[in-house]
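Contents: one structure, followed by commentary.
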Amino acid sequence: VYEVYMKRGITYHIIGKSKNSLNDLDKAVDMSPQEVRLYMLRARIKADLGDKNGAFKDFAKAIEYKPDFVEAYITRGLYKLQSYDKEGALQDLTKALKIDSNKVTAYIVISDIKSAMGDKKGAFQDLEKALTIEPNNVDIYIKRSEVKLSMGNKKGALQDLTTAIALNPQQPKAYIERCLIKIHLNDKNGCCSDFKKARQLGWKVPERELEAFCK
């Protein structure tokens, strides 16, 4: 019977009636207190409503009933990051990888956190691990290029962006970032060619300096 309330709670949330959704999920939890999906659903809705403490309690409850619940650690880690708790996010995401070492999302987010904390080498290593799992993931190459650039490896960053473009020629961000690196490598024609391509692909972010540079 709890599934009836769960499904209606999801429907309420989809149509924007989050309070009604919570009421139904509360009833579902009362009927089936060990169903971890209910805590995950309720946690997300509480977080969306600004009740972060309530959300974290539900994540903790889901993990209590299912200690190897990888998605609970990853999702809680992401919400902790939104709450500026980088250390807490790292702990949850690292725990998720101990349970399942193939979670690419966890590696990418951990890399972002380490990079922001100044651990560029650690950030690079996590992206390397992510690429062993998804070697054709364009976003990982773009992120790794950014880390390489922050480490002073312009040519390595350029190579990653070229790989990203080869994998997905319709990705405008890769062209923009490659253009910026080419400026530092004194390749104005190459930069402007990339900039033009990014614009053709719909890159709409104002780039006044590049507009002037490529006139």
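Labels used: A, B, ... for chains in the order of the structure tokens, numbers from 1 for residues in each chain, and numbers from 1 for ligands as shown.
Those residues that approach A:Phe124 to within 7 Å, counting only C-alpha atoms, are Ser111, Arg144 and Val147 of chain A; same-chain residues fewer than 6 positions away are not listed.
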**Message:** When DSSP is applied to the backbone of this structure, which of stretch 21-77 of chain A are assigned alpha helix (DSSP H)? Write them out as a VMD selection string.
**Reply:** chain A and resid 21 to 31 36 to 48 52 to 65 70 to 77
**Request:** Identify, on the basis of only C-alpha atoms, every residue whose closest approach to stretch 1-15 of chain A does not exceed 9 Å; exclude the query and any residue fewer than 4 positions from it along the same chain; express the result as a list in words.
**Result:** Lys19, Asn20, Ser21, Leu22, Asn23, Asp24, Leu25, Asp26, Lys27, Ala28, Val29, Asp30, Met31, Ser32, Leu38, Leu41 and Ile45 of chain A
Once you count only C-alpha atoms, what closest atom pair and distance in Å to one decimal does each residue of stretch 129-161 of chain A within 9 Å of stretch 175-199 of chain A have, with rows by chain and rising residue number, as a tab-separated table?
residue	atom	partner	partner_atom	distance
A:Ile142	CA	A:Glu177	CA	8.4
A:Ser145	CA	A:Glu177	CA	8.8
A:Glu146	CA	A:Glu177	CA	8.5
A:Leu149	CA	A:Ile181	CA	8.3
A:Lys154	CA	A:Ile181	CA	6.6
A:Lys155	CA	A:Ile181	CA	8.4
A:Ala157	CA	A:Ile181	CA	7.9
A:Leu158	CA	A:Arg178	CA	6.1
A:Leu161	CA	A:Arg178	CA	6.1
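With atom CA of A:Lys98 on one side and atom CA of A:Tyr65 on the other, the separation reads 18.1 Å.
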